[in-house]
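The next block is start_32.tsv, given as TSV, C-alpha atoms.
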chain	number	residue	atom	x	y	z
E	1	MET	CA	0.00	0.00	0.00
E	2	GLN	CA	1.37	3.38	-0.98
E	3	VAL	CA	1.17	6.14	1.63
E	4	THR	CA	0.83	9.66	0.31
E	5	GLU	CA	1.65	12.79	2.24
E	6	PRO	CA	-1.34	14.91	3.17
E	7	ILE	CA	-1.44	18.33	1.57
E	8	LEU	CA	-0.59	21.13	3.96
E	9	GLU	CA	-3.58	23.47	4.06
E	10	THR	CA	-2.14	26.74	5.33
E	11	GLU	CA	-5.58	28.30	5.75
E	12	ALA	CA	-6.47	25.55	8.24
E	13	ILE	CA	-3.47	26.28	10.46
E	14	SER	CA	-4.20	28.38	13.50
E	15	GLY	CA	-3.01	31.94	12.93
E	16	TRP	CA	-1.77	31.96	16.53
E	17	LEU	CA	0.35	28.89	15.88
E	18	ARG	CA	1.62	30.22	12.55
E	19	ARG	CA	2.60	33.48	14.23
E	20	TRP	CA	4.43	32.04	17.26
E	21	ALA	CA	5.73	28.59	16.21
E	22	PRO	CA	8.94	30.10	14.78
E	23	LEU	CA	9.99	30.83	18.39
E	24	ILE	CA	10.19	27.12	19.22
E	25	PRO	CA	13.88	26.19	19.50
E	26	GLY	CA	15.23	23.21	17.59
E	27	GLY	CA	14.01	19.89	18.87
E	28	GLU	CA	11.02	17.65	19.26
E	29	VAL	CA	7.53	19.15	19.54
E	30	LEU	CA	4.38	17.61	21.00
E	31	ASP	CA	1.08	18.30	19.23
E	32	LEU	CA	-1.36	17.37	22.01
E	33	ALA	CA	-4.86	16.37	20.88
E	34	CYS	CA	-3.55	16.67	17.34
E	35	GLY	CA	-6.72	15.74	15.45
E	36	ALA	CA	-5.95	15.24	11.76
E	37	GLY	CA	-2.45	16.71	12.13
E	38	ARG	CA	-2.70	20.16	10.53
E	39	HIS	CA	-0.39	21.67	13.14
E	40	ALA	CA	1.92	18.65	13.27
E	41	ARG	CA	2.56	19.00	9.52
E	42	HIS	CA	3.20	22.73	9.90
E	43	LEU	CA	5.70	22.09	12.70
E	44	VAL	CA	7.49	19.48	10.57
E	45	SER	CA	7.71	22.07	7.78
E	46	LEU	CA	9.56	24.29	10.28
E	47	GLY	CA	12.12	21.51	10.85
E	48	HIS	CA	10.82	19.87	14.02
E	49	PRO	CA	10.28	16.18	14.61
E	50	VAL	CA	6.74	15.92	16.02
E	51	ILE	CA	4.91	13.57	18.36
E	52	ALA	CA	1.23	13.80	17.38
E	53	LEU	CA	-0.89	12.52	20.25
E	54	ASP	CA	-4.62	11.85	20.13
E	55	HIS	CA	-7.15	9.36	21.50
E	56	ASP	CA	-8.77	8.78	18.09
E	57	PRO	CA	-7.03	6.23	15.84
E	58	GLU	CA	-8.79	7.55	12.72
E	59	MET	CA	-7.44	11.04	13.36
E	60	LEU	CA	-3.95	9.69	13.96
E	61	GLU	CA	-4.09	7.86	10.64
E	62	LYS	CA	-4.76	11.22	8.98
E	63	ALA	CA	-2.02	12.90	11.02
E	64	ALA	CA	0.69	10.38	10.09
E	65	GLY	CA	3.46	11.54	7.79
E	66	THR	CA	7.16	12.11	7.38
E	67	GLY	CA	8.67	13.53	10.55
E	68	ILE	CA	5.54	12.76	12.59
E	69	THR	CA	5.36	9.97	15.15
E	70	THR	CA	1.79	9.26	16.15
E	71	SER	CA	0.87	8.26	19.68
E	72	LEU	CA	-2.52	6.75	20.53
E	73	VAL	CA	-3.22	7.72	24.14
E	74	ASP	CA	-6.43	8.60	25.93
E	75	LEU	CA	-5.19	10.95	28.63
E	76	GLU	CA	-8.70	11.23	30.07
E	77	ALA	CA	-9.17	7.49	30.63
E	78	PRO	CA	-9.41	6.36	34.26
E	79	GLY	CA	-5.92	5.84	35.62
E	80	ALA	CA	-4.24	7.52	32.65
E	81	VAL	CA	-0.82	8.99	33.35
E	82	TRP	CA	1.20	11.55	31.42
E	83	PRO	CA	3.48	9.46	29.17
E	84	PHE	CA	6.38	11.90	28.66
E	85	ALA	CA	9.49	12.65	30.69
E	86	PRO	CA	10.21	16.07	32.16
E	87	GLY	CA	12.20	18.39	29.89
E	88	ARG	CA	11.60	16.35	26.72
E	89	PHE	CA	9.99	18.85	24.33
E	90	ALA	CA	11.29	22.03	22.71
E	91	GLY	CA	7.65	22.97	22.21
E	92	ILE	CA	4.15	21.86	23.10
E	93	VAL	CA	1.17	22.90	20.99
E	94	VAL	CA	-2.45	22.57	22.09
E	95	THR	CA	-5.48	23.91	20.23
E	96	ASN	CA	-9.17	23.46	20.98
E	97	TYR	CA	-8.58	21.07	23.87
E	98	LEU	CA	-8.73	21.44	27.64
E	99	HIS	CA	-8.14	18.83	30.33
E	100	ARG	CA	-6.88	20.68	33.40
E	101	PRO	CA	-5.39	17.63	35.20
E	102	LEU	CA	-2.70	17.46	32.47
E	103	LEU	CA	-1.31	20.96	32.94
E	104	GLU	CA	1.35	20.37	35.56
E	105	ALA	CA	2.88	17.31	33.86
E	106	MET	CA	2.56	18.92	30.43
E	107	VAL	CA	4.49	22.03	31.45
E	108	ALA	CA	7.08	19.85	33.19
E	109	SER	CA	7.68	18.12	29.83
E	110	LEU	CA	8.90	21.38	28.30
E	111	ALA	CA	12.67	21.75	27.94
E	112	PRO	CA	14.24	24.49	30.11
E	113	ASP	CA	14.08	26.82	27.06
E	114	GLY	CA	10.82	25.35	25.70
E	115	VAL	CA	7.78	27.12	24.27
E	116	LEU	CA	4.12	26.46	25.05
E	117	LEU	CA	1.56	27.50	22.42
E	118	TYR	CA	-1.97	27.00	23.68
E	119	GLU	CA	-5.34	28.23	22.46
E	120	THR	CA	-8.77	27.04	23.38
E	121	PHE	CA	-12.29	28.14	24.22
E	122	ALA	CA	-13.22	30.46	27.07
E	123	GLU	CA	-16.26	31.12	29.22
E	124	GLY	CA	-18.95	32.83	27.18
E	125	ASN	CA	-18.38	30.53	24.21
E	126	GLU	CA	-21.71	28.85	24.96
E	127	GLN	CA	-23.44	31.75	23.20
E	128	PHE	CA	-21.74	30.61	19.98
E	129	GLY	CA	-22.34	26.86	20.36
E	130	LYS	CA	-20.02	24.04	21.36
E	131	PRO	CA	-18.17	23.63	23.55
E	132	SER	CA	-20.57	25.00	26.12
E	133	ASN	CA	-19.78	22.81	29.13
E	134	PRO	CA	-17.85	24.90	31.74
E	135	LYS	CA	-15.50	21.93	32.18
E	136	PHE	CA	-14.13	22.71	28.69
E	137	LEU	CA	-14.11	26.51	28.93
E	138	LEU	CA	-11.33	28.61	30.43
E	139	LYS	CA	-12.20	31.07	33.16
E	140	GLU	CA	-11.25	34.72	32.70
E	141	GLY	CA	-7.45	35.04	32.89
E	142	GLU	CA	-7.00	31.32	33.58
E	143	MET	CA	-4.10	30.88	31.15
E	144	LEU	CA	-2.22	33.77	32.75
E	145	THR	CA	-2.71	32.17	36.15
E	146	TRP	CA	-1.30	28.88	34.80
E	147	ALA	CA	1.77	30.67	33.51
E	148	VAL	CA	2.51	32.27	36.89
E	149	GLN	CA	1.83	29.03	38.79
E	150	HIS	CA	4.20	27.05	36.55
E	151	GLY	CA	7.04	29.58	36.31
E	152	LEU	CA	6.46	30.45	32.66
E	153	ARG	CA	7.17	33.84	31.11
E	154	VAL	CA	4.36	35.13	28.90
E	155	VAL	CA	5.48	36.35	25.49
E	156	ALA	CA	1.96	36.91	24.15
E	157	TYR	CA	-1.59	36.48	25.38
E	158	GLU	CA	-5.03	37.15	23.93
E	159	ASP	CA	-8.49	36.81	25.40
E	160	GLY	CA	-11.51	37.64	23.28
E	161	ARG	CA	-13.77	36.91	20.36
E	162	VAL	CA	-12.68	35.45	17.04
E	163	GLU	CA	-14.72	35.07	13.85
E	164	GLN	CA	-12.61	32.42	12.04
E	165	PRO	CA	-12.84	29.51	11.59
E	166	LYS	CA	-16.12	30.16	13.46
E	167	ALA	CA	-17.31	32.73	15.97
E	168	ALA	CA	-15.99	31.83	19.42
E	169	LEU	CA	-14.54	33.20	22.64
E	170	VAL	CA	-10.97	32.04	23.12
E	171	GLN	CA	-7.82	32.49	25.16
E	172	ARG	CA	-4.39	32.10	23.60
E	173	ILE	CA	-0.96	32.09	25.13
E	174	CYS	CA	2.63	31.87	24.00
E	175	ALA	CA	4.69	31.22	27.11
E	176	VAL	CA	8.29	30.13	27.59
E	177	ARG	CA	10.33	28.33	30.22
E	178	PRO	CA	12.87	30.36	32.21
E	179	ASP	CA	15.92	29.48	30.07
E	180	PHE	CA	14.34	30.79	26.87
E	181	PRO	CA	16.49	33.81	25.92
E	182	ARG	CA	14.58	37.09	25.97
E	183	LEU	CA	16.36	38.18	22.78
E	184	ALA	CA	14.97	35.11	20.98
E	185	ALA	CA	11.39	36.28	21.59
E	186	LEU	CA	11.20	38.18	18.33
E	187	LEU	CA	7.82	39.90	18.27
E	188	PRO	CA	6.10	40.11	14.88
E	189	THR	CA	5.40	43.53	13.45
E	190	PHE	CA	1.86	44.59	12.70
Conversion result in structure tokens:
Amino acid sequence: MQVTEPILETEAISGWLRRWAPLIPGGEVLDLACGAGRHARHLVSLGHPVIALDHDPEMLEKAAGTGITTSLVDLEAPGAVWPFAPGRFAGIVVTNYLHRPLLEAMVASLAPDGVLLYETFAEGNEQFGKPSNPKFLLKEGEMLTWAVQHGLRVVAYEDGRVEQPKAALVQRICAVRPDFPRLAALLPTF
């Protein structure tokens, strides 16, 4: 059976990820709850080997490709444990996913100069549709609180309404571990 590479659809890549992923230092990146792999493929195009983790085998089949190692793990299953060692990843990317019990171990898996790129839905999103369960919606300023609690330095943060790919309320953060050099945090021009 011949495996073909999926086509990289740049319009499907999160603008937040596209903007901040170039800050990730060389090394392995985790795409947590990767879905069909749109961000994993983008990260590979930037030169990173990627671990694409998801609980859905059909999504992982779509995410598979050169430079991407897929990992079938249900981190929300009873008794599930974080499968990665501390300090392993140059970057961790999470979009449209929230499972608070993972946060401490996830941040610990960042290298001392690692970058966390995270964006997901916030309280108030229920007026736009799913997700609407408070369990899956960030409280006001919650990402900033995480950063402080876990010793991260915030490079960029947004909290508000977006219209694309659909109307939603979101929070987004680009945060770095303490050894990330301040001069490497090149801010994009507007």
Nearest-residue call for Glu123 of chain E, choices E:Ala147, E:Leu110, E:Leu169, E:Ala105, using all atoms listed in the file: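 Once distances to Glu123 of chain E are computed over all atoms listed in the file, the minimum belongs to E:Leu169.
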Ala108 of chain E surroundings by only C-alpha atoms, 12 Å radius, close-in-sequence under 2 positions cut, as an MDAnalysis selection string: chainID E and resid 82:92 102:106 110:116 149:152 176:177
Edge lengths and centre, in Å to one decimal, as lines of an AutoDock Vina configuration file: that's what I need for the box along x, y and z that holds all listed atoms of segment 146-152 of chain E plus 4 Å on each side.
center_x = 2.9
center_y = 29.7
center_z = 35.7
size_x = 16.3
size_y = 13.2
size_z = 14.1
Atom pair atom CA of Phe180 of chain E / atom CA of Val162 of chain E: separation (Å):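 Atom CA of Val162 of chain E lies 29.1 Å from atom CA of Phe180 of chain E.
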Computed interatomic separation between atom CA of Phe121 of chain E and atom CA of Leu30 of chain E (Å):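 Here the two named atoms are 20.0 Å from each other.
Residue nearest Asp74 of chain E, chosen from E:Leu117, E:Ala33, E:Ala184, E:Ala167 and counting only C-alpha atoms: E:Ala33.
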Close residues, Ala122 of chain E itself excluded, 8 Å, only C-alpha atoms, min 5 positions apart in chain, as a ChimeraX atom specification: /E:136-140,169-171
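With distances taken over all atoms listed in the file, E:Arg38 is the one residue among E:Val148, E:Lys166, E:Arg161, E:Arg38 lying closest to Ala12 of chain E.
You can rank E:Gln127, E:Thr145, E:Thr66, E:Ser71 by their closest distance to His42 of chain E using only C-alpha atoms, and at the top of that list sits E:Thr66.
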Close residues, Asn96 of chain E itself excluded, 7 Å, all atoms listed in the file, min 2 positions apart in chain, as a list in words: Val94, Leu98, Glu119, Thr120 and Phe121 of chain E
Counting only C-alpha atoms, the residue of E:Tyr157, E:Pro134, E:Glu61, E:Thr69 that sits nearest His99 of chain E: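 Looking at the shortest contact to His99 of chain E, the residue is E:Pro134.
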Kindly output segment 118-130 of chain E as a JSON list (two decimals), in the coordinates of the input, after building N, CA and C atoms.
[["chain", "number", "residue", "atom", "x", "y", "z"],
["E", 118, "TYR", "N", -0.70, 27.58, 23.26],
["E", 118, "TYR", "CA", -1.97, 27.00, 23.68],
["E", 118, "TYR", "C", -3.09, 27.96, 23.31],
["E", 119, "GLU", "N", -4.13, 27.44, 22.69],
["E", 119, "GLU", "CA", -5.34, 28.23, 22.46],
["E", 119, "GLU", "C", -6.55, 27.32, 22.53],
["E", 120, "THR", "N", -7.54, 27.80, 23.28],
["E", 120, "THR", "CA", -8.77, 27.04, 23.38],
["E", 120, "THR", "C", -9.91, 27.96, 23.82],
["E", 121, "PHE", "N", -11.06, 27.37, 23.99],
["E", 121, "PHE", "CA", -12.29, 28.14, 24.22],
["E", 121, "PHE", "C", -12.37, 28.68, 25.64],
["E", 122, "ALA", "N", -13.08, 29.80, 25.79],
["E", 122, "ALA", "CA", -13.22, 30.46, 27.07],
["E", 122, "ALA", "C", -14.69, 30.61, 27.45],
["E", 123, "GLU", "N", -14.91, 30.88, 28.75],
["E", 123, "GLU", "CA", -16.26, 31.12, 29.22],
["E", 123, "GLU", "C", -16.94, 32.18, 28.37],
["E", 124, "GLY", "N", -18.20, 31.95, 28.08],
["E", 124, "GLY", "CA", -18.95, 32.83, 27.18],
["E", 124, "GLY", "C", -19.11, 32.21, 25.80],
["E", 125, "ASN", "N", -18.30, 31.18, 25.52],
["E", 125, "ASN", "CA", -18.38, 30.53, 24.21],
["E", 125, "ASN", "C", -19.73, 29.85, 24.00],
["E", 126, "GLU", "N", -20.43, 29.53, 25.09],
["E", 126, "GLU", "CA", -21.71, 28.85, 24.96],
["E", 126, "GLU", "C", -22.70, 29.64, 24.11],
["E", 127, "GLN", "N", -22.54, 30.96, 24.04],
["E", 127, "GLN", "CA", -23.44, 31.75, 23.20],
["E", 127, "GLN", "C", -23.21, 31.51, 21.71],
["E", 128, "PHE", "N", -22.06, 30.90, 21.37],
["E", 128, "PHE", "CA", -21.74, 30.61, 19.98],
["E", 128, "PHE", "C", -21.92, 29.14, 19.63],
["E", 129, "GLY", "N", -22.19, 28.30, 20.61],
["E", 129, "GLY", "CA", -22.34, 26.86, 20.36],
["E", 129, "GLY", "C", -21.38, 26.05, 21.20],
["E", 130, "LYS", "N", -20.91, 24.96, 20.64],
["E", 130, "LYS", "CA", -20.02, 24.04, 21.36],
["E", 130, "LYS", "C", -18.57, 24.50, 21.26]]
